[in-house]
$ cat protein_5.txt   # compact mmCIF, C-alpha atoms
# COMPACT_ATOMS: atom_id res chain seq x y z
CA MET N 1 0.00 0.00 0.00
CA LYS N 2 1.20 3.50 -0.79
CA ILE N 3 -0.45 6.56 0.76
CA ARG N 4 1.16 9.91 0.05
CA VAL N 5 0.18 13.52 0.61
CA GLN N 6 2.66 15.71 -1.25
CA ARG N 7 3.24 19.08 -2.89
CA GLU N 8 5.08 17.63 -5.91
CA THR N 9 3.34 16.31 -8.99
CA PHE N 10 3.16 12.59 -9.78
CA ASP N 11 3.40 10.40 -12.84
CA LEU N 12 0.69 7.82 -13.44
CA GLY N 13 2.94 5.62 -15.59
CA ALA N 14 5.68 5.55 -12.97
CA GLU N 15 3.19 4.66 -10.23
CA VAL N 16 1.67 1.83 -12.26
CA ASP N 17 5.14 0.53 -13.13
CA ALA N 18 6.12 0.57 -9.45
CA MET N 19 2.98 -1.39 -8.64
CA ARG N 20 3.73 -4.06 -11.27
CA ASP N 21 7.46 -4.24 -10.58
CA GLY N 22 8.57 -7.86 -10.22
CA ARG N 23 5.03 -9.23 -9.93
CA THR N 24 3.24 -11.64 -12.22
CA ASP N 25 0.10 -12.22 -10.13
CA ILE N 26 -1.61 -8.93 -11.05
CA GLY N 27 -4.24 -9.30 -13.78
CA ALA N 28 -5.71 -5.79 -13.67
CA ILE N 29 -4.78 -2.28 -12.61
CA ALA N 30 -7.53 0.35 -12.60
CA SER N 31 -6.47 3.95 -12.06
CA PHE N 32 -8.05 7.36 -11.64
CA VAL N 33 -6.38 10.76 -11.94
CA GLY N 34 -8.26 13.89 -10.86
CA LEU N 35 -7.23 17.19 -12.46
CA ALA N 36 -7.65 20.85 -11.55
CA ARG N 37 -10.21 22.42 -13.89
CA ASP N 38 -10.39 26.00 -15.14
CA LEU N 39 -14.13 26.28 -14.55
CA ASN N 40 -16.30 25.68 -11.48
CA GLU N 41 -19.77 26.92 -10.53
CA GLY N 42 -19.90 28.91 -13.76
CA SER N 43 -16.82 31.07 -13.26
CA GLY N 44 -13.23 30.83 -14.43
CA VAL N 45 -10.72 29.38 -11.98
CA THR N 46 -7.16 30.62 -12.39
CA ALA N 47 -5.58 28.55 -9.57
CA MET N 48 -6.48 26.62 -6.44
CA THR N 49 -4.84 25.90 -3.12
CA LEU N 50 -5.37 22.61 -1.33
CA GLU N 51 -5.10 22.48 2.44
CA HIS N 52 -5.06 19.33 4.59
CA TYR N 53 -4.93 18.19 8.21
CA PRO N 54 -1.48 16.59 8.61
CA GLY N 55 -1.83 13.33 10.48
CA MET N 56 -5.58 12.93 10.18
CA THR N 57 -5.52 13.07 6.37
CA GLU N 58 -3.07 10.17 6.11
CA LYS N 59 -5.03 8.28 8.75
CA ALA N 60 -8.32 8.79 6.88
CA LEU N 61 -6.80 7.69 3.56
CA THR N 62 -5.33 4.58 5.20
CA ALA N 63 -8.75 3.75 6.67
CA LEU N 64 -10.35 4.07 3.20
CA VAL N 65 -7.82 1.71 1.67
CA ASP N 66 -8.25 -0.75 4.57
CA GLU N 67 -12.01 -0.66 3.95
CA ALA N 68 -11.45 -1.38 0.23
CA HIS N 69 -9.25 -4.37 1.13
CA PHE N 70 -12.02 -5.60 3.41
CA ARG N 71 -14.62 -5.41 0.62
CA TRP N 72 -12.61 -6.74 -2.32
CA THR N 73 -9.64 -9.02 -2.89
CA LEU N 74 -6.97 -6.53 -3.90
CA LEU N 75 -3.27 -7.02 -4.55
CA ASP N 76 -2.10 -3.43 -4.06
CA VAL N 77 -3.44 0.13 -3.75
CA SER N 78 -1.74 3.51 -4.24
CA VAL N 79 -3.29 6.83 -3.27
CA ILE N 80 -1.46 10.11 -3.88
CA HIS N 81 -3.07 13.48 -3.13
CA ARG N 82 -1.39 16.80 -3.71
CA VAL N 83 -1.56 19.89 -1.49
CA GLY N 84 -0.46 23.48 -2.04
CA ARG N 85 -1.16 25.75 -4.99
CA LEU N 86 -2.19 24.10 -8.27
CA LEU N 87 -2.98 25.48 -11.72
CA PRO N 88 -5.70 24.35 -14.14
CA GLY N 89 -4.61 21.12 -15.80
CA ASP N 90 -2.42 20.04 -12.87
CA PRO N 91 -3.04 16.56 -11.48
CA ILE N 92 -4.55 16.61 -7.97
CA VAL N 93 -5.19 13.02 -6.99
CA LEU N 94 -4.24 9.52 -8.12
CA VAL N 95 -5.82 6.23 -7.11
CA ALA N 96 -4.49 2.97 -8.57
CA VAL N 97 -5.79 -0.46 -7.61
CA ALA N 98 -4.26 -3.80 -8.57
CA SER N 99 -6.19 -7.06 -8.42
CA SER N 100 -6.42 -10.40 -10.18
CA HIS N 101 -9.44 -9.38 -12.26
CA ARG N 102 -10.80 -6.10 -13.58
CA GLY N 103 -14.12 -6.07 -11.73
CA GLU N 104 -12.57 -5.68 -8.32
CA ALA N 105 -10.01 -3.13 -9.52
CA PHE N 106 -12.68 -0.92 -11.15
CA ALA N 107 -15.03 -1.13 -8.17
CA ALA N 108 -12.40 -0.50 -5.51
CA CYS N 109 -10.93 2.45 -7.44
CA GLU N 110 -14.33 4.16 -7.65
CA PHE N 111 -15.14 3.33 -4.02
CA ILE N 112 -11.88 4.89 -2.79
CA MET N 113 -12.46 8.07 -4.80
CA ASP N 114 -16.08 8.41 -3.66
CA PHE N 115 -15.08 8.10 -0.01
CA LEU N 116 -11.98 10.25 -0.38
CA LYS N 117 -14.23 13.08 -1.60
CA THR N 118 -16.41 12.90 1.52
CA ARG N 119 -14.12 11.62 4.29
CA ALA N 120 -10.51 12.71 3.75
CA PRO N 121 -9.73 16.13 5.26
CA PHE N 122 -8.72 18.24 2.28
CA TRP N 123 -10.14 21.65 1.44
CA LYS N 124 -9.93 23.58 -1.84
CA LYS N 125 -9.76 27.32 -2.16
CA GLU N 126 -10.18 28.66 -5.68
CA GLU N 127 -8.78 31.82 -7.18
CA THR N 128 -11.14 33.37 -9.73
CA LEU N 129 -11.25 36.69 -11.53
CA GLN N 130 -13.84 37.72 -8.91
CA GLY N 131 -11.50 36.86 -6.01
CA GLU N 132 -10.88 33.87 -3.76
CA ARG N 133 -13.52 31.43 -2.54
CA TRP N 134 -13.58 28.23 -0.53
CA VAL N 135 -15.19 25.38 -2.46
CA GLU N 136 -18.43 24.18 -0.84
CA ALA N 137 -19.07 20.47 -0.33
CA ARG N 138 -21.48 19.01 -2.90
CA ALA N 139 -24.56 16.92 -2.15
CA SER N 140 -23.75 14.83 -5.26
CA ASP N 141 -20.49 13.72 -3.60
CA ASP N 142 -22.39 12.59 -0.50
CA ALA N 143 -24.82 10.70 -2.75
CA ALA N 144 -21.94 9.00 -4.58
CA ALA N 145 -20.46 7.76 -1.30
CA GLU N 146 -23.89 6.71 -0.04
CA ARG N 147 -24.26 4.22 -2.93
CA TRP N 148 -21.64 1.96 -1.33
CA ARG N 149 -23.48 1.45 1.97
CA MET R 1 -9.21 19.42 31.24
CA LYS R 2 -6.78 20.76 28.73
CA LEU R 3 -7.69 20.73 25.02
CA HIS R 4 -5.66 21.51 21.94
CA LEU R 5 -7.96 23.03 19.32
CA LEU R 6 -7.24 23.17 15.59
CA TYR R 7 -9.16 25.05 12.89
CA PHE R 8 -8.91 24.47 9.16
CA ALA R 9 -9.80 26.11 5.86
CA ARG R 10 -12.61 28.69 5.97
CA LEU R 11 -12.96 28.37 9.75
CA ARG R 12 -9.24 29.00 10.31
CA GLU R 13 -9.50 32.17 8.26
CA ARG R 14 -12.71 33.40 9.84
CA PHE R 15 -11.56 32.70 13.42
CA GLY R 16 -8.21 34.32 12.67
CA ARG R 17 -6.25 31.46 14.19
CA ALA R 18 -5.07 27.95 13.27
CA GLU R 19 -4.91 26.63 16.84
CA GLU R 20 -5.29 27.38 20.52
CA THR R 21 -4.91 25.62 23.85
CA LEU R 22 -7.91 25.74 26.15
CA GLU R 23 -8.52 24.94 29.80
CA PHE R 24 -12.07 23.59 29.64
CA ASP R 25 -14.47 22.14 32.21
CA GLY R 26 -17.23 20.77 29.94
CA ILE R 27 -17.79 17.10 29.09
CA THR R 28 -18.89 16.70 25.47
CA VAL R 29 -18.13 18.14 22.06
CA ALA R 30 -21.50 19.93 22.23
CA ASP R 31 -20.36 21.65 25.45
CA LEU R 32 -17.22 22.84 23.70
CA VAL R 33 -19.15 24.11 20.67
CA ALA R 34 -21.53 26.00 22.99
CA TYR R 35 -18.54 27.52 24.80
CA LEU R 36 -17.01 28.68 21.51
CA GLN R 37 -20.36 29.98 20.20
CA ALA R 38 -20.62 32.11 23.36
CA ARG R 39 -17.59 34.09 22.16
CA GLY R 40 -20.07 35.73 19.76
CA GLY R 41 -19.27 37.31 16.38
CA VAL R 42 -17.82 34.93 13.80
CA TRP R 43 -17.77 32.12 16.40
CA ALA R 44 -21.54 32.31 16.92
CA GLU R 45 -22.07 32.68 13.18
CA GLU R 46 -19.88 29.81 11.94
CA LEU R 47 -20.85 27.33 14.68
CA ASP R 48 -24.56 28.02 14.35
CA ASP R 49 -26.72 24.91 13.80
CA SER R 50 -27.56 26.11 10.30
CA ARG R 51 -23.90 26.10 9.21
CA PRO R 52 -22.25 22.79 8.32
CA TYR R 53 -19.07 21.98 10.24
CA ARG R 54 -17.31 18.80 11.38
CA VAL R 55 -15.53 17.99 14.62
CA ALA R 56 -12.70 15.46 14.96
CA VAL R 57 -11.39 14.31 18.34
CA ASN R 58 -7.91 12.84 18.22
CA GLN R 59 -8.23 12.72 14.42
CA ASP R 60 -11.51 10.81 14.23
CA ILE R 61 -14.77 12.49 13.15
CA VAL R 62 -17.22 12.37 16.08
CA ALA R 63 -20.81 13.33 16.82
CA LEU R 64 -21.68 16.28 19.05
CA ASP R 65 -22.52 14.02 22.01
CA ALA R 66 -19.03 12.47 22.04
CA ALA R 67 -17.07 12.85 25.29
CA LEU R 68 -13.87 14.89 25.31
CA PRO R 69 -10.84 13.11 26.78
CA ASP R 70 -8.29 15.20 28.68
CA GLN R 71 -5.44 16.43 26.46
CA ALA R 72 -7.55 15.78 23.36
CA GLU R 73 -6.70 17.25 19.97
CA VAL R 74 -10.02 18.70 18.77
CA ALA R 75 -10.27 19.90 15.19
CA ILE R 76 -13.19 21.91 13.81
CA PHE R 77 -13.50 22.30 10.06
CA PRO R 78 -15.92 22.68 7.12
CA PRO R 79 -17.11 19.63 5.15
CA VAL R 80 -14.20 18.31 3.09
CA THR R 81 -13.68 19.20 -0.58
CA GLY R 82 -10.62 17.27 -1.75
CA GLY R 83 -10.17 14.95 -4.70

$ encode --input "protein_5.txt" --output "structure tokens"
Amino acid sequence: MKIRVQRETFDLGAEVDAMRDGRTDIGAIASFVGLARDLNEGSGVTAMTLEHYPGMTEKALTALVDEAHFRWTLLDVSVIHRVGRLLPGDPIVLVAVASSHRGEAFAACEFIMDFLKTRAPFWKKEETLQGERWVEARASDDAAAERWR
Amino acid sequence: MKLHLLYFARLRERFGRAEETLEFDGITVADLVAYLQARGGVWAEELDDSRPYRVAVNQDIVALDAALPDQAEVAIFPPVTGG
């Protein structure tokens, strides 16, 4: 398992390669990369800053991955989430899940993202032409997490 | 009891502080929230029942009726928006 909260960017290919390295039991790797967009709530976003709760964030991400291992038979999971100031187009978050078969990898990857959005302590502040604003939590994210109960 | 309070994101900005240490004689998280609300101004506004906020005790999200252990790290923050 790899859980990282970092300022630096990441490379999906390198992370997938690291996951596969020396193994021949993995049949499927499903991955998700979330990117910073230039538009939100109808106005242009020029940059965003991600804040987290050092200690609790890592603990919450570890708990999510543990829960995924409890629900599905997984061979490995990587979660990387960036903090600090990001520009549109920059990668924010990576989830990669390795398993024997695709079904479990797809499901666990989506599960981890849905719960990360509602449980992991990160907060986004956007810079727009109208000034700065904290992003509000979305009901649709709560609904997405609720599907897994 | 002694509590170490942490504030994040919008609440950190509005309260004008990231942390504080408090000597407190209440029992539950609700007692602490009531104590902070009584400071008035932005405290009363942000911790009003109509505003969404979350409380974590020793890095676990808890309900308002949760008991506060001595020396607890209590964080108060808005609903999360990562990913």

$ interface_residues --input "protein_5.txt" --of "chain R" --to "chain N" --cutoff "7 Å" --atoms "all atoms listed in the file" --output "ChimeraX atom specification"
/R:9-10,59,79-83

$ closest_residue --input "protein_5.txt" --among "R:Pro78, R:His4, R:Ala18, R:Asp49" --to "Val33 (chain R)" --atoms "only C-alpha atoms"
R:Asp49

$ atom_distance --input "protein_5.txt" --atom1 "CA of Ala105 (chain N)" --atom2 "CA of Asp90 (chain N)"
24.6 Å

$ atom_distance --input "protein_5.txt" --atom1 "CA of Asp65 (chain R)" --atom2 "CA of Gly26 (chain R)"
11.7 Å

$ atom_distance --input "protein_5.txt" --atom1 "CA of Val79 (chain N)" --atom2 "CA of Leu6 (chain R)"
25.3 Å

$ closest_residue --input "protein_5.txt" --among "R:Leu11, R:Leu64, R:Ala72, R:Leu3" --to "Trp43 (chain R)" --atoms "all atoms listed in the file"
R:Leu11

$ residues_around --input "protein_5.txt" --residues "Asp38 (chain N)" --least-positions-apart "2" --cutoff "12 Å" --atoms "all atoms listed in the file" --output "number ranges by chain"
N: 35-36, 40-48, 86-90, 126-129

$ closest_residue --input "protein_5.txt" --among "N:Arg4, N:Ala18, N:Glu146, N:Ser31" --to "Phe106 (chain N)" --atoms "only C-alpha atoms"
N:Ser31

$ residues_around --input "protein_5.txt" --residues "Ile27 (chain R)" --least-positions-apart "4" --cutoff "8 Å" --atoms "all atoms listed in the file" --output "mmCIF file with C-alpha atoms, in the frame of the given file"
data_model
loop_
_atom_site.group_PDB
_atom_site.id
_atom_site.type_symbol
_atom_site.label_atom_id
_atom_site.label_comp_id
_atom_site.auth_asym_id
_atom_site.auth_seq_id
_atom_site.Cartn_x
_atom_site.Cartn_y
_atom_site.Cartn_z
ATOM 1 C CA ASP R 31 -20.360 21.650 25.450
ATOM 2 C CA LEU R 32 -17.220 22.840 23.700
ATOM 3 C CA ALA R 67 -17.070 12.850 25.290
ATOM 4 C CA LEU R 68 -13.870 14.890 25.310
#

$ residues_around --input "protein_5.txt" --residues "region 71-75 of chain N" --least-positions-apart "2" --cutoff "8 Å" --atoms "all atoms listed in the file" --output "list in words"
Ile26, Glu67, Ala68, His69, Val77, Val97, Ala98, Ser99, Ser100, Glu104, Ala105 and Ala108 of chain N

$ residues_around --input "protein_5.txt" --residues "Pro69 (chain R)" --least-positions-apart "5" --cutoff "10 Å" --atoms "only C-alpha atoms" --output "CSV table (one decimal) with C-alpha atoms, in the coordinates of the input"
chain,number,residue,atom,x,y,z
R,1,MET,CA,-9.2,19.4,31.2
R,2,LYS,CA,-6.8,20.8,28.7
R,3,LEU,CA,-7.7,20.7,25.0
R,27,ILE,CA,-17.8,17.1,29.1
R,28,THR,CA,-18.9,16.7,25.5
R,57,VAL,CA,-11.4,14.3,18.3
R,58,ASN,CA,-7.9,12.8,18.2
R,74,VAL,CA,-10.0,18.7,18.8

$ residues_around --input "protein_5.txt" --residues "Phe8 (chain R)" --least-positions-apart "4" --cutoff "7 Å" --atoms "all atoms listed in the file" --output "NGL selection string"
:R and (12 or 18 or 76-77)

$ axis_aligned_box --input "protein_5.txt" --around "region 120-128 of chain N" --padding-each-side "4 Å" --output "lines of an AutoDock Vina configuration file"
center_x = -9.9
center_y = 23.0
center_z = -2.2
size_x = 10.4
size_y = 28.7
size_z = 23.0

$ closest_residue --input "protein_5.txt" --among "R:Ala63, R:Ala56, R:Leu5, R:Ala75" --to "Ala30 (chain R)" --atoms "only C-alpha atoms"
R:Ala63

$ decode --input "protein_5.txt" --residues "region 2-72 of chain R" --atoms "C-alpha atoms" --output "PDB file, in the first residue's frame"
ATOM      1  CA  LYS R   2      -6.781  20.764  28.733  1.00  0.00           C
ATOM      2  CA  LEU R   3      -7.694  20.734  25.020  1.00  0.00           C
ATOM      3  CA  HIS R   4      -5.664  21.514  21.941  1.00  0.00           C
ATOM      4  CA  LEU R   5      -7.964  23.033  19.320  1.00  0.00           C
ATOM      5  CA  LEU R   6      -7.236  23.166  15.590  1.00  0.00           C
ATOM      6  CA  TYR R   7      -9.156  25.046  12.893  1.00  0.00           C
ATOM      7  CA  PHE R   8      -8.912  24.467   9.164  1.00  0.00           C
ATOM      8  CA  ALA R   9      -9.796  26.107   5.860  1.00  0.00           C
ATOM      9  CA  ARG R  10     -12.610  28.689   5.971  1.00  0.00           C
ATOM     10  CA  LEU R  11     -12.962  28.369   9.747  1.00  0.00           C
ATOM     11  CA  ARG R  12      -9.241  28.996  10.310  1.00  0.00           C
ATOM     12  CA  GLU R  13      -9.495  32.165   8.260  1.00  0.00           C
ATOM     13  CA  ARG R  14     -12.706  33.405   9.843  1.00  0.00           C
ATOM     14  CA  PHE R  15     -11.556  32.701  13.420  1.00  0.00           C
ATOM     15  CA  GLY R  16      -8.206  34.321  12.674  1.00  0.00           C
ATOM     16  CA  ARG R  17      -6.248  31.461  14.195  1.00  0.00           C
ATOM     17  CA  ALA R  18      -5.073  27.951  13.273  1.00  0.00           C
ATOM     18  CA  GLU R  19      -4.913  26.631  16.839  1.00  0.00           C
ATOM     19  CA  GLU R  20      -5.288  27.383  20.517  1.00  0.00           C
ATOM     20  CA  THR R  21      -4.911  25.620  23.848  1.00  0.00           C
ATOM     21  CA  LEU R  22      -7.906  25.745  26.146  1.00  0.00           C
ATOM     22  CA  GLU R  23      -8.522  24.936  29.796  1.00  0.00           C
ATOM     23  CA  PHE R  24     -12.074  23.592  29.644  1.00  0.00           C
ATOM     24  CA  ASP R  25     -14.467  22.139  32.209  1.00  0.00           C
ATOM     25  CA  GLY R  26     -17.233  20.767  29.939  1.00  0.00           C
ATOM     26  CA  ILE R  27     -17.793  17.103  29.085  1.00  0.00           C
ATOM     27  CA  THR R  28     -18.890  16.703  25.468  1.00  0.00           C
ATOM     28  CA  VAL R  29     -18.132  18.143  22.058  1.00  0.00           C
ATOM     29  CA  ALA R  30     -21.498  19.929  22.228  1.00  0.00           C
ATOM     30  CA  ASP R  31     -20.363  21.653  25.447  1.00  0.00           C
ATOM     31  CA  LEU R  32     -17.222  22.837  23.697  1.00  0.00           C
ATOM     32  CA  VAL R  33     -19.151  24.107  20.668  1.00  0.00           C
ATOM     33  CA  ALA R  34     -21.533  26.001  22.995  1.00  0.00           C
ATOM     34  CA  TYR R  35     -18.541  27.524  24.802  1.00  0.00           C
ATOM     35  CA  LEU R  36     -17.010  28.677  21.507  1.00  0.00           C
ATOM     36  CA  GLN R  37     -20.357  29.985  20.204  1.00  0.00           C
ATOM     37  CA  ALA R  38     -20.617  32.113  23.357  1.00  0.00           C
ATOM     38  CA  ARG R  39     -17.592  34.087  22.164  1.00  0.00           C
ATOM     39  CA  GLY R  40     -20.071  35.733  19.757  1.00  0.00           C
ATOM     40  CA  GLY R  41     -19.272  37.309  16.382  1.00  0.00           C
ATOM     41  CA  VAL R  42     -17.817  34.926  13.799  1.00  0.00           C
ATOM     42  CA  TRP R  43     -17.773  32.117  16.398  1.00  0.00           C
ATOM     43  CA  ALA R  44     -21.537  32.305  16.916  1.00  0.00           C
ATOM     44  CA  GLU R  45     -22.071  32.679  13.179  1.00  0.00           C
ATOM     45  CA  GLU R  46     -19.882  29.807  11.942  1.00  0.00           C
ATOM     46  CA  LEU R  47     -20.851  27.331  14.682  1.00  0.00           C
ATOM     47  CA  ASP R  48     -24.558  28.017  14.353  1.00  0.00           C
ATOM     48  CA  ASP R  49     -26.717  24.910  13.803  1.00  0.00           C
ATOM     49  CA  SER R  50     -27.559  26.114  10.302  1.00  0.00           C
ATOM     50  CA  ARG R  51     -23.900  26.098   9.214  1.00  0.00           C
ATOM     51  CA  PRO R  52     -22.247  22.787   8.319  1.00  0.00           C
ATOM     52  CA  TYR R  53     -19.072  21.979  10.245  1.00  0.00           C
ATOM     53  CA  ARG R  54     -17.310  18.804  11.377  1.00  0.00           C
ATOM     54  CA  VAL R  55     -15.529  17.986  14.622  1.00  0.00           C
ATOM     55  CA  ALA R  56     -12.699  15.461  14.962  1.00  0.00           C
ATOM     56  CA  VAL R  57     -11.393  14.311  18.343  1.00  0.00           C
ATOM     57  CA  ASN R  58      -7.911  12.840  18.218  1.00  0.00           C
ATOM     58  CA  GLN R  59      -8.226  12.719  14.416  1.00  0.00           C
ATOM     59  CA  ASP R  60     -11.514  10.805  14.226  1.00  0.00           C
ATOM     60  CA  ILE R  61     -14.767  12.487  13.155  1.00  0.00           C
ATOM     61  CA  VAL R  62     -17.219  12.374  16.075  1.00  0.00           C
ATOM     62  CA  ALA R  63     -20.811  13.330  16.821  1.00  0.00           C
ATOM     63  CA  LEU R  64     -21.681  16.278  19.053  1.00  0.00           C
ATOM     64  CA  ASP R  65     -22.522  14.022  22.013  1.00  0.00           C
ATOM     65  CA  ALA R  66     -19.026  12.471  22.041  1.00  0.00           C
ATOM     66  CA  ALA R  67     -17.071  12.847  25.288  1.00  0.00           C
ATOM     67  CA  LEU R  68     -13.866  14.894  25.309  1.00  0.00           C
ATOM     68  CA  PRO R  69     -10.839  13.114  26.779  1.00  0.00           C
ATOM     69  CA  ASP R  70      -8.286  15.201  28.679  1.00  0.00           C
ATOM     70  CA  GLN R  71      -5.439  16.426  26.458  1.00  0.00           C
ATOM     71  CA  ALA R  72      -7.550  15.782  23.355  1.00  0.00           C
TER      72      ALA R  72
END
